[in-house]
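S.K.: Sharing coords23.pdb below, PDB, C-alpha atoms:
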```
MODEL        1
ATOM      1  CA  MET A 279      19.389 -20.017  -6.910
ATOM      2  CA  SER A 280      16.206 -21.923  -7.689
ATOM      3  CA  ALA A 281      15.136 -21.851  -4.045
ATOM      4  CA  GLU A 282      15.715 -18.090  -3.803
ATOM      5  CA  GLY A 283      13.787 -17.580  -7.036
ATOM      6  CA  ALA A 284      10.890 -19.681  -5.753
ATOM      7  CA  HIS A 285      10.857 -17.757  -2.445
ATOM      8  CA  ALA A 286      10.881 -14.409  -4.269
ATOM      9  CA  GLN A 287       7.961 -15.375  -6.499
ATOM     10  CA  ALA A 288       6.006 -16.783  -3.528
ATOM     11  CA  THR A 289       6.400 -13.406  -1.795
ATOM     12  CA  ARG A 290       5.317 -11.647  -4.980
ATOM     13  CA  LEU A 291       2.198 -13.866  -5.128
ATOM     14  CA  GLU A 292       1.316 -12.930  -1.534
ATOM     15  CA  VAL A 293       1.580  -9.220  -2.394
ATOM     16  CA  ILE A 294      -0.556  -9.623  -5.531
ATOM     17  CA  ALA A 295      -3.189 -11.617  -3.617
ATOM     18  CA  HIS A 296      -3.358  -8.852  -0.998
ATOM     19  CA  ASN A 297      -3.847  -6.281  -3.760
ATOM     20  CA  LEU A 298      -6.635  -8.297  -5.385
ATOM     21  CA  ALA A 299      -8.371  -8.739  -2.021
ATOM     22  CA  ASN A 300      -8.622  -4.935  -1.792
ATOM     23  CA  VAL A 301      -9.778  -4.188  -5.324
ATOM     24  CA  GLU A 302     -12.983  -2.656  -3.896
ATOM     25  CA  THR A 303     -11.392  -0.966  -0.845
ATOM     26  CA  THR A 304     -11.856   2.817  -0.941
ATOM     27  CA  GLY A 305      -8.552   4.682  -1.228
ATOM     28  CA  PHE A 306      -6.440   1.514  -1.204
ATOM     29  CA  LYS A 307      -2.883   1.812  -2.548
ATOM     30  CA  ARG A 308      -1.399  -1.288  -4.105
ATOM     31  CA  GLU A 309       1.830  -2.861  -2.915
ATOM     32  CA  LEU A 310       4.783  -3.774  -5.136
ATOM     33  CA  ALA A 311       7.397  -6.439  -4.419
ATOM     34  CA  ILE A 312      10.823  -4.987  -5.237
ATOM     35  CA  PHE A 313      13.483  -7.485  -6.380
ATOM     36  CA  GLN A 314      17.225  -7.097  -6.598
ATOM     37  CA  ALA A 315      20.062  -9.254  -7.899
ATOM     38  CA  ARG A 316      21.539 -11.617  -5.323
ATOM     39  CA  TYR A 317      25.264 -12.310  -4.981
ATOM     40  CA  ALA A 318      26.536 -15.860  -5.146
ATOM     41  CA  GLU A 319      27.141 -17.331  -1.678
ATOM     42  CA  ASP A 320      30.939 -17.155  -1.920
ATOM     43  CA  ILE A 321      30.724 -13.433  -2.665
ATOM     44  CA  ALA A 322      28.086 -12.853   0.032
ATOM     45  CA  ASP A 323      30.271 -14.464   2.729
ATOM     46  CA  GLY A 324      33.342 -12.490   1.601
ATOM     47  CA  SER A 325      35.508 -15.379   0.411
ATOM     48  CA  VAL A 326      35.468 -14.113  -3.190
ATOM     49  CA  SER A 327      35.369 -10.530  -4.438
ATOM     50  CA  PRO A 328      32.790  -9.504  -7.043
ATOM     51  CA  GLY A 329      34.325  -8.909 -10.458
ATOM     52  CA  SER A 330      37.060 -11.547 -10.020
ATOM     53  CA  GLU A 331      35.708 -13.453 -13.060
ATOM     54  CA  SER A 332      36.316 -16.733 -11.253
ATOM     55  CA  LEU A 333      33.983 -19.717 -11.261
ATOM     56  CA  GLU A 334      32.464 -18.491  -7.994
ATOM     57  CA  ASP A 335      31.827 -15.001  -9.442
ATOM     58  CA  VAL A 336      28.432 -15.823 -10.907
ATOM     59  CA  GLY A 337      24.965 -14.462 -10.296
ATOM     60  CA  GLY A 338      23.060 -15.754  -7.299
ATOM     61  CA  GLY A 339      19.582 -15.233  -8.720
ATOM     62  CA  ILE A 340      17.223 -12.701  -7.152
ATOM     63  CA  GLU A 341      15.830 -11.856  -3.741
ATOM     64  CA  VAL A 342      13.028  -9.640  -2.426
ATOM     65  CA  MET A 343      14.496  -6.364  -1.214
ATOM     66  CA  GLU A 344      11.277  -4.828   0.135
ATOM     67  CA  THR A 345       7.627  -4.170  -0.572
ATOM     68  CA  ARG A 346       6.768  -0.625  -1.554
ATOM     69  CA  THR A 347       3.446   1.225  -1.779
ATOM     70  CA  ASP A 348       2.362   2.754  -5.072
ATOM     71  CA  PHE A 349       0.742   6.082  -4.133
ATOM     72  CA  ALA A 350      -0.627   6.831  -7.605
ATOM     73  CA  PRO A 351      -4.188   8.233  -7.323
ATOM     74  CA  GLY A 352      -7.081   5.848  -7.897
ATOM     75  CA  PRO A 353     -10.149   6.497 -10.072
ATOM     76  CA  LEU A 354     -12.929   8.709  -8.704
ATOM     77  CA  LYS A 355     -16.381   7.173  -8.285
ATOM     78  CA  HIS A 356     -19.481   9.382  -8.195
ATOM     79  CA  THR A 357     -21.537   8.135  -5.223
ATOM     80  CA  LYS A 358     -23.774  11.232  -4.869
ATOM     81  CA  LEU A 359     -23.640  10.761  -1.082
ATOM     82  CA  PRO A 360     -23.159  14.084   0.747
ATOM     83  CA  THR A 361     -20.868  12.439   3.317
ATOM     84  CA  ASP A 362     -18.438  11.141   0.670
ATOM     85  CA  VAL A 363     -15.479  13.226  -0.481
ATOM     86  CA  ALA A 364     -12.378  12.553  -2.575
ATOM     87  CA  ILE A 365      -9.102  14.459  -2.807
ATOM     88  CA  GLN A 366      -8.523  15.307  -6.459
ATOM     89  CA  ASP A 367      -4.799  16.037  -6.333
ATOM     90  CA  GLU A 368      -2.094  15.099  -3.862
ATOM     91  CA  GLY A 369      -2.772  15.087  -0.169
ATOM     92  CA  PHE A 370      -4.394  13.098   2.621
ATOM     93  CA  PHE A 371      -7.140  13.492   5.195
ATOM     94  CA  VAL A 372      -5.991  13.410   8.824
ATOM     95  CA  VAL A 373      -7.882  11.047  11.123
ATOM     96  CA  GLY A 374      -7.251  10.250  14.747
ATOM     97  CA  LYS A 375      -7.772   7.560  17.327
ATOM     98  CA  GLY A 376      -6.914   8.613  20.858
ATOM     99  CA  GLU A 377      -3.643  10.532  20.687
ATOM    100  CA  ASP A 378      -2.564   8.894  17.436
ATOM    101  CA  ARG A 379      -2.913  10.576  14.049
ATOM    102  CA  PHE A 380      -3.099   8.816  10.718
ATOM    103  CA  LEU A 381      -3.351   9.777   7.057
ATOM    104  CA  THR A 382      -5.828   8.345   4.574
ATOM    105  CA  ARG A 383      -7.189   8.992   1.083
ATOM    106  CA  ALA A 384     -10.516   7.312   1.893
ATOM    107  CA  GLY A 385     -13.276   9.899   2.358
ATOM    108  CA  ASN A 386     -16.230   7.612   3.153
ATOM    109  CA  PHE A 387     -17.230   9.516   6.287
ATOM    110  CA  HIS A 388     -20.346   9.473   8.474
ATOM    111  CA  VAL A 389     -21.583  11.136  11.655
ATOM    112  CA  ASN A 390     -21.762   8.840  14.689
ATOM    113  CA  ALA A 391     -24.274   8.944  17.558
ATOM    114  CA  GLN A 392     -22.133  11.512  19.414
ATOM    115  CA  GLY A 393     -22.152  13.879  16.438
ATOM    116  CA  ARG A 394     -18.525  13.282  15.484
ATOM    117  CA  LEU A 395     -17.501  12.982  11.863
ATOM    118  CA  VAL A 396     -15.776   9.607  11.709
ATOM    119  CA  THR A 397     -14.561   6.923   9.371
ATOM    120  CA  GLN A 398     -14.185   3.225  10.094
ATOM    121  CA  TYR A 399     -11.385   0.835   9.189
ATOM    122  CA  GLY A 400     -11.042  -2.741  10.368
ATOM    123  CA  GLY A 401     -13.817  -2.433  12.934
ATOM    124  CA  GLN A 402     -12.292   0.691  14.543
ATOM    125  CA  GLN A 403     -13.635   4.244  14.372
ATOM    126  CA  TYR A 404     -11.305   7.130  13.600
ATOM    127  CA  SER A 405     -12.298  10.761  14.111
ATOM    128  CA  VAL A 406     -11.895  13.096  11.148
ATOM    129  CA  LEU A 407      -9.747  16.030  12.312
ATOM    130  CA  ASP A 408      -9.965  19.720  11.448
ATOM    131  CA  ASP A 409      -7.036  21.946  10.521
ATOM    132  CA  SER A 410      -6.181  22.372  14.229
ATOM    133  CA  TYR A 411      -6.114  18.548  14.582
ATOM    134  CA  SER A 412      -9.246  18.474  16.728
ATOM    135  CA  PRO A 413     -12.149  16.068  16.080
ATOM    136  CA  ILE A 414     -14.918  17.567  13.930
ATOM    137  CA  THR A 415     -18.284  17.609  15.708
ATOM    138  CA  LEU A 416     -21.554  18.346  13.908
ATOM    139  CA  ASP A 417     -25.201  18.820  14.899
ATOM    140  CA  ARG A 418     -27.014  15.703  13.712
ATOM    141  CA  GLU A 419     -30.268  17.678  13.431
ATOM    142  CA  LEU A 420     -28.934  20.277  10.982
ATOM    143  CA  PRO A 421     -27.960  19.751   7.326
ATOM    144  CA  TRP A 422     -24.321  20.158   6.361
ATOM    145  CA  THR A 423     -22.311  20.213   3.142
ATOM    146  CA  ILE A 424     -18.687  19.758   2.088
ATOM    147  CA  THR A 425     -17.121  22.527   0.022
ATOM    148  CA  GLU A 426     -14.707  21.998  -2.872
ATOM    149  CA  SER A 427     -11.870  23.339  -0.704
ATOM    150  CA  GLY A 428     -12.406  20.726   1.991
ATOM    151  CA  GLY A 429     -14.532  22.768   4.370
ATOM    152  CA  ILE A 430     -17.655  21.603   6.194
ATOM    153  CA  ARG A 431     -20.429  24.169   6.223
ATOM    154  CA  GLN A 432     -23.248  23.925   8.744
ATOM    155  CA  GLY A 433     -25.519  26.564  10.225
ATOM    156  CA  GLY A 434     -23.518  29.496   8.880
ATOM    157  CA  GLY A 435     -20.232  28.144  10.244
ATOM    158  CA  LEU A 436     -17.295  26.679   8.323
ATOM    159  CA  THR A 437     -14.826  24.085   9.609
ATOM    160  CA  ASN A 438     -11.877  23.117   7.445
ATOM    161  CA  MET A 439     -10.847  19.464   7.381
ATOM    162  CA  ALA A 440      -7.130  18.872   7.873
ATOM    163  CA  LEU A 441      -5.608  18.226   4.446
ATOM    164  CA  VAL A 442      -1.887  17.490   4.431
ATOM    165  CA  LYS A 443       0.899  15.926   2.401
ATOM    166  CA  PRO A 444       3.867  13.954   3.754
ATOM    167  CA  GLN A 445       7.348  15.373   3.622
ATOM    168  CA  SER A 446       8.206  12.162   1.757
ATOM    169  CA  TYR A 447       6.131   9.134   0.809
ATOM    170  CA  GLY A 448       8.877   7.106   2.436
ATOM    171  CA  ASP A 449       7.681   8.569   5.766
ATOM    172  CA  LEU A 450       4.375   6.672   5.542
ATOM    173  CA  VAL A 451       3.960   3.293   7.239
ATOM    174  CA  ARG A 452       0.862   1.264   6.386
ATOM    175  CA  GLU A 453      -1.275   0.676   9.492
ATOM    176  CA  GLY A 454      -4.308  -0.826   7.760
ATOM    177  CA  GLU A 455      -5.682  -1.342   4.297
ATOM    178  CA  ASN A 456      -5.891   2.400   3.574
ATOM    179  CA  VAL A 457      -4.515   4.111   6.710
ATOM    180  CA  PHE A 458      -0.911   5.287   7.076
ATOM    181  CA  ARG A 459       1.103   6.449  10.080
ATOM    182  CA  PRO A 460       3.433   9.389   9.265
ATOM    183  CA  LEU A 461       6.951   9.088  10.684
ATOM    184  CA  ALA A 462       7.502  12.843  10.269
ATOM    185  CA  ASP A 463       5.123  15.765  10.707
ATOM    186  CA  PRO A 464       3.087  16.203   7.489
ATOM    187  CA  ILE A 465       2.832  19.531   5.683
ATOM    188  CA  PRO A 466      -0.595  21.277   5.542
ATOM    189  CA  LEU A 467      -1.854  21.914   2.023
ATOM    190  CA  THR A 468      -2.007  25.528   0.942
ATOM    191  CA  ALA A 469      -5.338  27.144   0.038
ATOM    192  CA  ALA A 470      -4.526  26.665  -3.676
ATOM    193  CA  GLU A 471      -3.756  22.972  -3.146
ATOM    194  CA  ARG A 472      -6.974  22.178  -1.255
ATOM    195  CA  ASN A 473      -9.060  20.606  -4.015
ATOM    196  CA  VAL A 474     -11.674  17.968  -3.165
ATOM    197  CA  ALA A 475     -14.709  16.491  -4.917
ATOM    198  CA  PRO A 476     -17.827  16.261  -2.700
ATOM    199  CA  GLY A 477     -20.058  13.290  -3.529
ATOM    200  CA  TYR A 478     -17.128  11.246  -4.876
ATOM    201  CA  LEU A 479     -14.847   8.548  -3.485
ATOM    202  CA  GLU A 480     -11.382   7.585  -4.625
ATOM    203  CA  GLY A 481     -11.426   3.942  -5.650
ATOM    204  CA  SER A 482      -8.745   1.332  -5.157
ATOM    205  CA  GLY A 483      -5.486   1.802  -7.030
ATOM    206  CA  VAL A 484      -5.536  -1.879  -8.021
ATOM    207  CA  GLN A 485      -6.154  -2.747 -11.686
ATOM    208  CA  PRO A 486      -7.569  -6.311 -11.564
ATOM    209  CA  THR A 487      -6.538  -7.256 -15.117
ATOM    210  CA  SER A 488      -2.920  -6.211 -14.603
ATOM    211  CA  GLU A 489      -2.755  -7.943 -11.233
ATOM    212  CA  MET A 490      -4.162 -11.171 -12.693
ATOM    213  CA  VAL A 491      -1.550 -11.091 -15.474
ATOM    214  CA  ASN A 492       1.159 -10.551 -12.846
ATOM    215  CA  MET A 493      -0.241 -13.420 -10.765
ATOM    216  CA  ILE A 494      -0.144 -15.823 -13.737
ATOM    217  CA  GLU A 495       3.415 -14.750 -14.562
ATOM    218  CA  ALA A 496       4.598 -15.188 -10.949
ATOM    219  CA  SER A 497       2.863 -18.579 -10.683
ATOM    220  CA  ARG A 498       4.606 -19.869 -13.812
ATOM    221  CA  ILE A 499       8.022 -18.623 -12.693
ATOM    222  CA  LEU A 500       7.452 -20.190  -9.266
ATOM    223  CA  GLU A 501       6.525 -23.494 -10.919
ATOM    224  CA  THR A 502       9.618 -23.327 -13.125
ATOM    225  CA  ASN A 503      11.895 -22.815 -10.137
ATOM    226  CA  LEU A 504      10.283 -25.702  -8.268
ATOM    227  CA  ASN A 505      10.726 -27.957 -11.314
ATOM    228  CA  MET A 506      14.388 -26.917 -11.520
ATOM    229  CA  MET A 507      14.850 -27.861  -7.859
ATOM    230  CA  LYS A 508      13.237 -31.233  -8.548
ATOM    231  CA  SER A 509      15.481 -31.813 -11.568
ATOM    232  CA  GLN A 510      18.585 -30.901  -9.575
ATOM    233  CA  ASP A 511      17.569 -33.344  -6.822
ATOM    234  CA  GLU A 512      17.093 -36.120  -9.390
ATOM    235  CA  VAL A 513      20.516 -35.440 -10.949
ATOM    236  CA  LEU A 514      22.178 -35.448  -7.516
ATOM    237  CA  ASP A 515      20.342 -38.620  -6.530
ATOM    238  CA  GLY A 516      21.497 -40.375  -9.706
ATOM    239  CA  LEU A 517      25.095 -39.278  -9.134
ATOM    240  CA  ILE A 518      25.100 -40.577  -5.549
ATOM    241  CA  ASN A 519      23.666 -43.916  -6.654
ATOM    242  CA  ARG A 520      26.406 -44.323  -9.268
ATOM    243  CA  LEU A 521      29.110 -43.459  -6.738
ATOM    244  CA  MET A 522      27.670 -45.979  -4.267
ATOM    245  CA  ARG A 523      27.856 -48.715  -6.939
ATOM    246  CA  VAL A 524      31.504 -47.871  -7.603
TER     247      VAL A 524
ENDMDL
END
```
Output the file's structure as structure tokens, nothing else.

M.R.:
Amino acid sequence: MSAEGAHAQATRLEVIAHNLANVETTGFKRELAIFQARYAEDIADGSVSPGSESLEDVGGGIEVMETRTDFAPGPLKHTKLPTDVAIQDEGFFVVGKGEDRFLTRAGNFHVNAQGRLVTQYGGQQYSVLDDSYSPITLDRELPWTITESGGIRQGGGLTNMALVKPQSYGDLVREGENVFRPLADPIPLTAAERNVAPGYLEGSGVQPTSEMVNMIEASRILETNLNMMKSQDEVLDGLINRLMRV
């Protein structure tokens, strides 16, 4: 039980450390370690049924069931940069690399040397896609603006960025710090749902103070479990020594 508790808290510390490392990452969504009660070993291997009220029918501590992403929106930061944009309600931008499509809340875009509107994550460039899922190409010599409905206006023309929402947040698999691969086709936002803030970026969903408190708590629980393991080893060692003397 102590070993499982120590392992669970070590996993929780890894998740918290990853969150804290991305406290300044645009559009980052924090991860949560989800725990569940663990059966005693006799119940887990089927030799005893749960609810028998026998000596073996005791709790087995906890274990990590999964890590889950918290998709709550982050705070908006006013950057005043014309290439920055934040989604104010639910939804995601669609970006692509080759034939692959991804979803992101990070709107820190720029125009590359080929005139494509792109964003960059982990050293890789992703093209920002329009509502027909084609890369958006702009004239680098002409000014352009982003409308509050997620359109890009340049030279009298208007191109709508693809804004979508997943059928379920459970369909999203994290591919990078703030990029997600949808397992099912996302749903385009309606005209009434398309609501963006030009000149803003959505900040990280990590609250440093809360994460630090969680880190201290997990560290202390981990230390307690390790001390319990040490105490149990000392008790067992003493018992064996006494038996050897007998």

S.K.: What's the separation between atom CA of Gly305 of chain A and atom CA of Asp367 of chain A, in Å to one decimal place?

M.R.: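 Interatomic distance here is 13.0 Å.
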
S.K.: Using only C-alpha atoms, which residues sit within 12 Å of Glu282 of chain A once same-chain residues fewer than 5 positions away are excluded, as number ranges by chain?

M.R.: A: 287-289, 313-319, 337-342, 499-500, 503-504, 506-507

S.K.: Using atom CA of Gly429 of chain A and atom CA of Asn390 of chain A as the two end points, give the distance in Å to one decimal.

M.R.: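 That distance, rounded to one decimal, is 18.8 Å.
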
S.K.: Residue by residue, what does the PyMOL selection byres ((chain A and resi 432-442) around 6) grab here? Present the result as a list of chain:residue names.

M.R.: A:Gly369, A:Phe370, A:Phe371, A:Val372, A:Leu407, A:Asp408, A:Asp409, A:Trp422, A:Gly428, A:Gly429, A:Ile430, A:Arg431, A:Lys443, A:Pro464, A:Ile465, A:Pro466, A:Leu467

S.K.: Atoms to include: C-alpha atoms. Write the selected residues as a PDB file, keeping the file's coordinate frame.

M.R.:
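Contents of out_26.pdb, freshly written:
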```pdb
ATOM      1  CA  GLY A 369      -2.772  15.087  -0.169  1.00  0.00           C
ATOM      2  CA  PHE A 370      -4.394  13.098   2.621  1.00  0.00           C
ATOM      3  CA  PHE A 371      -7.140  13.492   5.195  1.00  0.00           C
ATOM      4  CA  VAL A 372      -5.991  13.410   8.824  1.00  0.00           C
ATOM      5  CA  LEU A 407      -9.747  16.030  12.312  1.00  0.00           C
ATOM      6  CA  ASP A 408      -9.965  19.720  11.448  1.00  0.00           C
ATOM      7  CA  ASP A 409      -7.036  21.946  10.521  1.00  0.00           C
ATOM      8  CA  TRP A 422     -24.321  20.158   6.361  1.00  0.00           C
ATOM      9  CA  GLY A 428     -12.406  20.726   1.991  1.00  0.00           C
ATOM     10  CA  GLY A 429     -14.532  22.768   4.370  1.00  0.00           C
ATOM     11  CA  ILE A 430     -17.655  21.603   6.194  1.00  0.00           C
ATOM     12  CA  ARG A 431     -20.429  24.169   6.223  1.00  0.00           C
ATOM     13  CA  LYS A 443       0.899  15.926   2.401  1.00  0.00           C
ATOM     14  CA  PRO A 464       3.087  16.203   7.489  1.00  0.00           C
ATOM     15  CA  ILE A 465       2.832  19.531   5.683  1.00  0.00           C
ATOM     16  CA  PRO A 466      -0.595  21.277   5.542  1.00  0.00           C
ATOM     17  CA  LEU A 467      -1.854  21.914   2.023  1.00  0.00           C
TER      18      LEU A 467
END
```

S.K.: Go through A:Ser412, A:Gln366, A:Thr502, A:Asn492 and flag the residue nearest Leu310 of chain A, using only C-alpha atoms for the distances.

M.R.: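 Between A:Ser412, A:Gln366, A:Thr502, A:Asn492, the residue approaching Leu310 of chain A most closely is A:Asn492.
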
S.K.: For the structure provided, state which residues fall under the PyMOL selection byres ((chain A and resi 447-455) around 9), and present them as a list in words.

M.R.: Asn300, Thr303, Gly305, Phe306, Lys307, Arg346, Thr347, Phe349, Phe380, Leu381, Tyr399, Gly400, Lys443, Pro444, Gln445, Ser446, Asn456, Val457, Phe458, Arg459, Pro460, Leu461 and Ala462 of chain A

S.K.: Go ahead and save the picked residues with C-alpha atoms, as a short mmCIF file (atom, residue, chain, number, x, y, z; two decimals), keeping the file's coordinate frame.

M.R.:
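Saved file selection-v7.cif follows:
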```
data_model
loop_
_atom_site.label_atom_id
_atom_site.label_comp_id
_atom_site.auth_asym_id
_atom_site.auth_seq_id
_atom_site.Cartn_x
_atom_site.Cartn_y
_atom_site.Cartn_z
CA ASN A 300 -8.62 -4.93 -1.79
CA THR A 303 -11.39 -0.97 -0.84
CA GLY A 305 -8.55 4.68 -1.23
CA PHE A 306 -6.44 1.51 -1.20
CA LYS A 307 -2.88 1.81 -2.55
CA ARG A 346 6.77 -0.62 -1.55
CA THR A 347 3.45 1.23 -1.78
CA PHE A 349 0.74 6.08 -4.13
CA PHE A 380 -3.10 8.82 10.72
CA LEU A 381 -3.35 9.78 7.06
CA TYR A 399 -11.38 0.84 9.19
CA GLY A 400 -11.04 -2.74 10.37
CA LYS A 443 0.90 15.93 2.40
CA PRO A 444 3.87 13.95 3.75
CA GLN A 445 7.35 15.37 3.62
CA SER A 446 8.21 12.16 1.76
CA ASN A 456 -5.89 2.40 3.57
CA VAL A 457 -4.51 4.11 6.71
CA PHE A 458 -0.91 5.29 7.08
CA ARG A 459 1.10 6.45 10.08
CA PRO A 460 3.43 9.39 9.26
CA LEU A 461 6.95 9.09 10.68
CA ALA A 462 7.50 12.84 10.27
#
```

S.K.: Pick from A:Asp463, A:Val491, A:Thr415, A:Arg383: nearest to Leu395 of chain A, with all atoms listed in the file counted?

M.R.: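 Distance minimum relative to Leu395 of chain A lands on A:Thr415.
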
S.K.: Atom CA of Asn519 of chain A and atom CA of Ala281 of chain A, how far apart in Å?

M.R.: 23.8 Å

S.K.: Find the residues near Pro486 of chain A: any atom within 10 Å, counting all atoms listed in the file, skip ones fewer than 6 places away on the same chain, and give them as a list of chain:residue names.

M.R.: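 That gives A:Ile294, A:Asn297, A:Leu298, A:Ala299, A:Asn300, A:Val301, A:Asn492.
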
S.K.: Select, from A:Leu291, A:Leu416, A:Val373, A:Val524, the residue with the minimum atom-to-atom distance to Arg394 of chain A, counting all atoms listed in the file.

M.R.: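 Of the candidates, the smallest distance to Arg394 of chain A is held by A:Leu416.
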
S.K.: Given the file above and the PyMOL selection byres ((chain A and resi 352) around 10), which residues are selected, and can you give them as a PyMOL selection string?

M.R.: chain A and resi 304-308+349-351+353-355+366+383+479-485

S.K.: Let me make sure I understand: among A:Thr357, A:Thr423, A:Val406, A:Ile365, which one has the smallest atom-to-atom distance to Arg379 of chain A if we use all atoms listed in the file?

M.R.: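 That would be A:Val406, the residue with the smallest distance to Arg379 of chain A.
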